[in-house]
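File shown: input.txt (compact mmCIF, N, CA and C atoms).
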```
# COMPACT_ATOMS: atom_id res chain seq x y z
N MET A 23 1.10 -31.60 4.95
CA MET A 23 0.39 -30.34 4.78
C MET A 23 -0.69 -30.20 5.85
N ARG A 24 -1.40 -31.29 6.15
CA ARG A 24 -2.44 -31.23 7.18
C ARG A 24 -1.85 -30.92 8.54
N ASN A 25 -0.67 -31.44 8.81
CA ASN A 25 -0.03 -31.20 10.09
C ASN A 25 0.27 -29.70 10.26
N ALA A 26 0.77 -29.07 9.21
CA ALA A 26 1.07 -27.64 9.27
C ALA A 26 -0.22 -26.84 9.47
N GLU A 27 -1.27 -27.23 8.78
CA GLU A 27 -2.56 -26.54 8.93
C GLU A 27 -3.11 -26.71 10.34
N ALA A 28 -2.95 -27.89 10.89
CA ALA A 28 -3.41 -28.14 12.25
C ALA A 28 -2.62 -27.31 13.25
N GLN A 29 -1.32 -27.22 13.04
CA GLN A 29 -0.50 -26.41 13.93
C GLN A 29 -0.85 -24.93 13.83
N LEU A 30 -1.09 -24.47 12.61
CA LEU A 30 -1.48 -23.08 12.42
C LEU A 30 -2.82 -22.80 13.09
N SER A 31 -3.76 -23.70 12.94
CA SER A 31 -5.06 -23.55 13.60
C SER A 31 -4.92 -23.48 15.11
N GLN A 32 -4.06 -24.32 15.65
CA GLN A 32 -3.83 -24.31 17.10
C GLN A 32 -3.22 -22.99 17.54
N LEU A 33 -2.27 -22.47 16.78
CA LEU A 33 -1.65 -21.19 17.12
C LEU A 33 -2.68 -20.05 17.05
N GLU A 34 -3.57 -20.12 16.07
CA GLU A 34 -4.62 -19.11 15.97
C GLU A 34 -5.57 -19.19 17.15
N GLU A 35 -5.96 -20.40 17.53
CA GLU A 35 -6.87 -20.58 18.67
C GLU A 35 -6.25 -20.08 19.97
N GLU A 36 -4.94 -20.24 20.10
CA GLU A 36 -4.25 -19.82 21.32
C GLU A 36 -3.85 -18.34 21.29
N GLY A 37 -4.13 -17.67 20.17
CA GLY A 37 -3.86 -16.24 20.09
C GLY A 37 -2.45 -15.85 19.67
N PHE A 38 -1.65 -16.82 19.26
CA PHE A 38 -0.29 -16.51 18.83
C PHE A 38 -0.26 -15.97 17.41
N VAL A 39 -1.20 -16.38 16.60
CA VAL A 39 -1.32 -15.87 15.23
C VAL A 39 -2.66 -15.15 15.17
N ASP A 40 -2.59 -13.84 15.01
CA ASP A 40 -3.79 -13.01 15.07
C ASP A 40 -3.66 -11.88 14.06
N ALA A 41 -4.49 -11.87 13.04
CA ALA A 41 -4.40 -10.87 11.99
C ALA A 41 -4.62 -9.46 12.52
N ALA A 42 -5.55 -9.29 13.43
CA ALA A 42 -5.82 -7.95 13.98
C ALA A 42 -4.62 -7.44 14.77
N ARG A 43 -4.03 -8.32 15.55
CA ARG A 43 -2.84 -7.92 16.33
C ARG A 43 -1.69 -7.55 15.40
N PHE A 44 -1.51 -8.33 14.33
CA PHE A 44 -0.48 -8.01 13.35
C PHE A 44 -0.76 -6.66 12.70
N ALA A 45 -2.00 -6.44 12.29
CA ALA A 45 -2.36 -5.18 11.62
C ALA A 45 -2.09 -3.99 12.53
N ASN A 46 -2.45 -4.11 13.80
CA ASN A 46 -2.22 -3.01 14.75
C ASN A 46 -0.73 -2.73 14.92
N ALA A 47 0.06 -3.77 15.08
CA ALA A 47 1.51 -3.60 15.26
C ALA A 47 2.15 -3.03 13.99
N PHE A 48 1.75 -3.54 12.84
CA PHE A 48 2.30 -3.08 11.57
C PHE A 48 2.00 -1.61 11.36
N ALA A 49 0.74 -1.21 11.56
CA ALA A 49 0.34 0.18 11.35
C ALA A 49 1.10 1.11 12.30
N ALA A 50 1.17 0.73 13.56
CA ALA A 50 1.87 1.57 14.54
C ALA A 50 3.35 1.71 14.18
N ASP A 51 3.98 0.62 13.81
CA ASP A 51 5.40 0.67 13.48
C ASP A 51 5.67 1.52 12.23
N GLN A 52 4.90 1.33 11.19
CA GLN A 52 5.15 2.05 9.95
C GLN A 52 4.91 3.56 10.13
N ILE A 53 3.91 3.91 10.91
CA ILE A 53 3.63 5.33 11.13
C ILE A 53 4.66 5.94 12.07
N ARG A 54 4.95 5.28 13.17
CA ARG A 54 5.86 5.85 14.17
C ARG A 54 7.33 5.77 13.78
N LEU A 55 7.73 4.70 13.10
CA LEU A 55 9.14 4.51 12.80
C LEU A 55 9.54 4.94 11.39
N LYS A 56 8.62 4.82 10.45
CA LYS A 56 8.96 5.14 9.06
C LYS A 56 8.21 6.35 8.53
N ASN A 57 7.36 6.95 9.36
CA ASN A 57 6.60 8.15 8.98
C ASN A 57 5.69 7.92 7.77
N TRP A 58 5.20 6.69 7.62
CA TRP A 58 4.26 6.42 6.54
C TRP A 58 2.94 7.10 6.84
N GLY A 59 2.23 7.45 5.79
CA GLY A 59 0.90 8.00 5.94
C GLY A 59 -0.14 6.88 5.99
N PRO A 60 -1.36 7.23 6.38
CA PRO A 60 -2.39 6.20 6.51
C PRO A 60 -2.73 5.49 5.19
N SER A 61 -2.66 6.20 4.09
CA SER A 61 -2.98 5.57 2.79
C SER A 61 -1.96 4.48 2.44
N LYS A 62 -0.69 4.77 2.71
CA LYS A 62 0.35 3.80 2.41
C LYS A 62 0.24 2.57 3.32
N VAL A 63 -0.05 2.81 4.59
CA VAL A 63 -0.22 1.71 5.54
C VAL A 63 -1.42 0.86 5.13
N TYR A 64 -2.52 1.51 4.81
CA TYR A 64 -3.74 0.79 4.41
C TYR A 64 -3.46 -0.07 3.17
N ALA A 65 -2.79 0.54 2.18
CA ALA A 65 -2.49 -0.19 0.95
C ALA A 65 -1.58 -1.39 1.22
N ALA A 66 -0.59 -1.21 2.08
CA ALA A 66 0.32 -2.32 2.39
C ALA A 66 -0.42 -3.45 3.10
N LEU A 67 -1.26 -3.10 4.04
CA LEU A 67 -2.02 -4.14 4.76
C LEU A 67 -2.94 -4.90 3.81
N ARG A 68 -3.57 -4.18 2.89
CA ARG A 68 -4.51 -4.83 1.97
C ARG A 68 -3.79 -5.59 0.87
N GLN A 69 -2.86 -4.94 0.20
CA GLN A 69 -2.27 -5.51 -1.00
C GLN A 69 -1.09 -6.44 -0.72
N VAL A 70 -0.22 -6.05 0.18
CA VAL A 70 0.97 -6.86 0.45
C VAL A 70 0.65 -8.00 1.40
N HIS A 71 -0.10 -7.68 2.46
CA HIS A 71 -0.36 -8.69 3.49
C HIS A 71 -1.72 -9.36 3.34
N GLY A 72 -2.55 -8.88 2.42
CA GLY A 72 -3.81 -9.55 2.11
C GLY A 72 -4.85 -9.51 3.22
N LEU A 73 -4.82 -8.47 4.03
CA LEU A 73 -5.79 -8.37 5.13
C LEU A 73 -7.07 -7.69 4.66
N ALA A 74 -8.14 -7.95 5.35
CA ALA A 74 -9.43 -7.34 5.03
C ALA A 74 -9.39 -5.84 5.30
N GLY A 75 -10.19 -5.10 4.56
CA GLY A 75 -10.24 -3.66 4.71
C GLY A 75 -10.63 -3.20 6.10
N ASN A 76 -11.54 -3.94 6.73
CA ASN A 76 -11.96 -3.53 8.07
C ASN A 76 -10.82 -3.68 9.08
N LEU A 77 -9.97 -4.70 8.93
CA LEU A 77 -8.81 -4.85 9.82
C LEU A 77 -7.82 -3.70 9.62
N ALA A 78 -7.60 -3.33 8.37
CA ALA A 78 -6.68 -2.22 8.07
C ALA A 78 -7.23 -0.91 8.64
N SER A 79 -8.51 -0.67 8.46
CA SER A 79 -9.13 0.55 8.98
C SER A 79 -9.09 0.61 10.50
N GLU A 80 -9.38 -0.51 11.13
CA GLU A 80 -9.36 -0.56 12.59
C GLU A 80 -7.95 -0.35 13.13
N ALA A 81 -6.96 -0.88 12.44
CA ALA A 81 -5.57 -0.70 12.87
C ALA A 81 -5.18 0.77 12.80
N LEU A 82 -5.59 1.45 11.73
CA LEU A 82 -5.28 2.87 11.60
C LEU A 82 -6.00 3.69 12.66
N ALA A 83 -7.23 3.31 12.96
CA ALA A 83 -7.97 4.02 14.01
C ALA A 83 -7.29 3.82 15.36
N GLU A 84 -6.75 2.63 15.57
CA GLU A 84 -6.06 2.34 16.84
C GLU A 84 -4.82 3.22 17.01
N VAL A 85 -4.10 3.46 15.92
CA VAL A 85 -2.91 4.32 15.99
C VAL A 85 -3.33 5.74 16.36
N GLY A 86 -4.37 6.22 15.76
CA GLY A 86 -4.91 7.52 16.10
C GLY A 86 -4.41 8.66 15.22
N GLU A 87 -5.23 9.66 15.13
CA GLU A 87 -4.94 10.82 14.29
C GLU A 87 -3.73 11.59 14.79
N ASP A 88 -3.55 11.64 16.10
CA ASP A 88 -2.42 12.38 16.67
C ASP A 88 -1.09 11.81 16.21
N GLU A 89 -0.96 10.49 16.23
CA GLU A 89 0.28 9.84 15.77
C GLU A 89 0.50 10.06 14.28
N VAL A 90 -0.57 10.03 13.50
CA VAL A 90 -0.46 10.27 12.07
C VAL A 90 0.02 11.70 11.82
N ASN A 91 -0.52 12.66 12.57
CA ASN A 91 -0.10 14.06 12.43
C ASN A 91 1.37 14.23 12.82
N LYS A 92 1.79 13.56 13.88
CA LYS A 92 3.20 13.64 14.30
C LYS A 92 4.11 13.08 13.21
N ALA A 93 3.71 11.98 12.60
CA ALA A 93 4.50 11.38 11.53
C ALA A 93 4.58 12.32 10.33
N ALA A 94 3.47 12.97 10.01
CA ALA A 94 3.46 13.92 8.89
C ALA A 94 4.40 15.09 9.18
N PHE A 95 4.40 15.56 10.41
CA PHE A 95 5.29 16.66 10.78
C PHE A 95 6.75 16.23 10.68
N ARG A 96 7.07 15.03 11.17
CA ARG A 96 8.44 14.53 11.07
C ARG A 96 8.87 14.40 9.62
N SER A 97 7.97 13.92 8.80
CA SER A 97 8.27 13.75 7.39
C SER A 97 8.49 15.10 6.71
N ALA A 98 7.66 16.08 7.06
CA ALA A 98 7.81 17.43 6.50
C ALA A 98 9.15 18.04 6.91
N LYS A 99 9.56 17.82 8.16
CA LYS A 99 10.84 18.34 8.61
C LYS A 99 11.99 17.74 7.81
N ILE A 100 11.90 16.45 7.54
CA ILE A 100 12.94 15.78 6.77
C ILE A 100 12.99 16.35 5.35
N LEU A 101 11.83 16.52 4.73
CA LEU A 101 11.79 17.04 3.37
C LEU A 101 12.27 18.49 3.32
N ALA A 102 11.94 19.28 4.34
CA ALA A 102 12.34 20.68 4.36
C ALA A 102 13.84 20.85 4.57
N SER A 103 14.49 19.84 5.10
CA SER A 103 15.92 19.96 5.35
C SER A 103 16.74 19.76 4.08
N GLY A 104 16.09 19.49 2.97
CA GLY A 104 16.78 19.40 1.69
C GLY A 104 17.24 18.00 1.38
N PRO A 105 18.03 17.88 0.32
CA PRO A 105 18.54 16.58 -0.08
C PRO A 105 19.36 15.93 1.03
N VAL A 106 19.45 14.64 0.98
CA VAL A 106 20.15 13.89 2.02
C VAL A 106 21.57 14.41 2.21
N ARG A 107 22.26 14.75 1.14
CA ARG A 107 23.65 15.19 1.26
C ARG A 107 23.78 16.52 2.00
N ASN A 108 22.69 17.31 2.07
CA ASN A 108 22.73 18.60 2.74
C ASN A 108 22.14 18.57 4.14
N ARG A 109 21.73 17.41 4.58
CA ARG A 109 21.12 17.32 5.91
C ARG A 109 22.19 17.43 6.99
N PRO A 110 21.80 17.95 8.15
CA PRO A 110 22.78 18.08 9.23
C PRO A 110 23.25 16.70 9.71
N ALA A 111 24.43 16.70 10.27
CA ALA A 111 24.99 15.46 10.79
C ALA A 111 24.13 14.94 11.93
N GLU A 112 24.18 13.64 12.13
CA GLU A 112 23.48 13.00 13.24
C GLU A 112 23.95 13.66 14.54
N GLY A 113 23.02 14.02 15.39
CA GLY A 113 23.36 14.62 16.68
C GLY A 113 23.41 16.14 16.63
N ASP A 114 23.15 16.74 15.47
CA ASP A 114 23.10 18.21 15.39
C ASP A 114 21.88 18.67 16.16
N CYS A 115 22.10 19.33 17.26
CA CYS A 115 21.01 19.68 18.18
C CYS A 115 20.49 21.09 17.99
N ARG A 116 20.98 21.80 16.98
CA ARG A 116 20.48 23.16 16.78
C ARG A 116 19.00 23.11 16.42
N PRO A 117 18.27 24.16 16.78
CA PRO A 117 16.84 24.19 16.43
C PRO A 117 16.64 24.03 14.94
N PHE A 118 15.54 23.43 14.59
CA PHE A 118 15.21 23.16 13.19
C PHE A 118 15.25 24.43 12.35
N GLU A 119 14.68 25.51 12.86
CA GLU A 119 14.63 26.77 12.12
C GLU A 119 16.03 27.31 11.84
N GLU A 120 16.94 27.14 12.81
CA GLU A 120 18.30 27.60 12.64
C GLU A 120 19.02 26.80 11.56
N ARG A 121 18.78 25.50 11.50
CA ARG A 121 19.41 24.68 10.48
C ARG A 121 18.91 25.02 9.09
N LEU A 122 17.67 25.50 8.98
CA LEU A 122 17.13 25.86 7.67
C LEU A 122 17.83 27.06 7.07
N GLN A 123 18.46 27.89 7.88
CA GLN A 123 19.11 29.09 7.39
C GLN A 123 20.49 28.82 6.82
N LEU A 124 20.93 27.57 6.81
CA LEU A 124 22.25 27.24 6.26
C LEU A 124 22.33 27.47 4.78
```

Go through the file and emit its structure as structure tokens.
Amino acid sequence: MRNAEAQLSQLEEEGFVDAARFANAFAADQIRLKNWGPSKVYAALRQVHGLAGNLASEALAEVGEDEVNKAAFRSAKILASGPVRNRPAEGDCRPFEERLQL
């Protein structure tokens, strides 16, 4: 057990294990790739990953309001397109407004 702790400490000292870096990457990925909102990201960082509130807040600030707004818009477009079974096929390039008239 001590050997594992020593190795973990060494990795932390060398910057390979870094909670802030993880929080930043996690927040950016969840917002950009999964369209999560800031509340969900914050809750996951705190409750699932056990990170301090300041790390979660700083990670969200790093992502920025613009990315959060883009994710909200993408999410709204998905919801507006109706149930999954009624969504256009992958690669349907018609404008969003035109697809809504189906």

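What separates atom N of A:Ala94 from atom CA of A:Ala81 is a distance of 16.6 Å.
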
Problem - Point-to-point distance in Å for atom CA of A:Phe48 and atom CA of A:Val63 - result: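 These two atoms are separated by 8.1 Å.
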
Practice task
Would you mind telling me which residue in A:Leu33, A:Leu67, A:Ile53, A:Ala41 lies nearest to A:Ala93 when using only C-alpha atoms?
Solution key: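 So, comparing all the options, the nearest one is A:Ile53.
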
Exercise for the section: Give me, please, the distance in Å between atom CA of A:Asp40 and atom CA of A:Gln69, quoted to one decimal. Expected result: 17.8 Å

Exercise for the section: Report the residues of chain A whose backbone DSSP state falls under alpha helix (DSSP H), written as an MDAnalysis selection string. Expected result: chainID A and resid 24:35 41:56 60:65 75:85 87:102 118:122

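Checking A:Glu36, A:Asn57, A:Val70, A:Ala42 one by one against A:Lys92, counting all atoms listed in the file, you find the shortest gap at A:Asn57.
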
May I have the centre and edge lengths, in Å to one decimal, of an axis-aligned box around the listed atoms of stretch 28-36 of chain A with 4 Å added to every side, as AutoDock Vina command-line options?
```
--center_x -3.7 --center_y -23.2 --center_z 16.1 --size_x 14.4 --size_y 17.8 --size_z 18.4
```

Practice task
Pick out the residues sitting within 8 Å of stretch 97-99 of chain A, and hand them over as JSON, numbers by chain; count only N, CA and C atoms, and ignore anything fewer than 6 positions along from it in its own chain.
Solution key: {"A": [56, 57, 58, 91, 118]}

Practice task
Check the smallest atom-to-atom distance from each of A:Ile100, A:Ala50, A:Ala66, A:Val39 to A:Val85 using only N, CA and C atoms, then report the winner.
Solution key: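 Nearest to A:Val85: A:Ala50.
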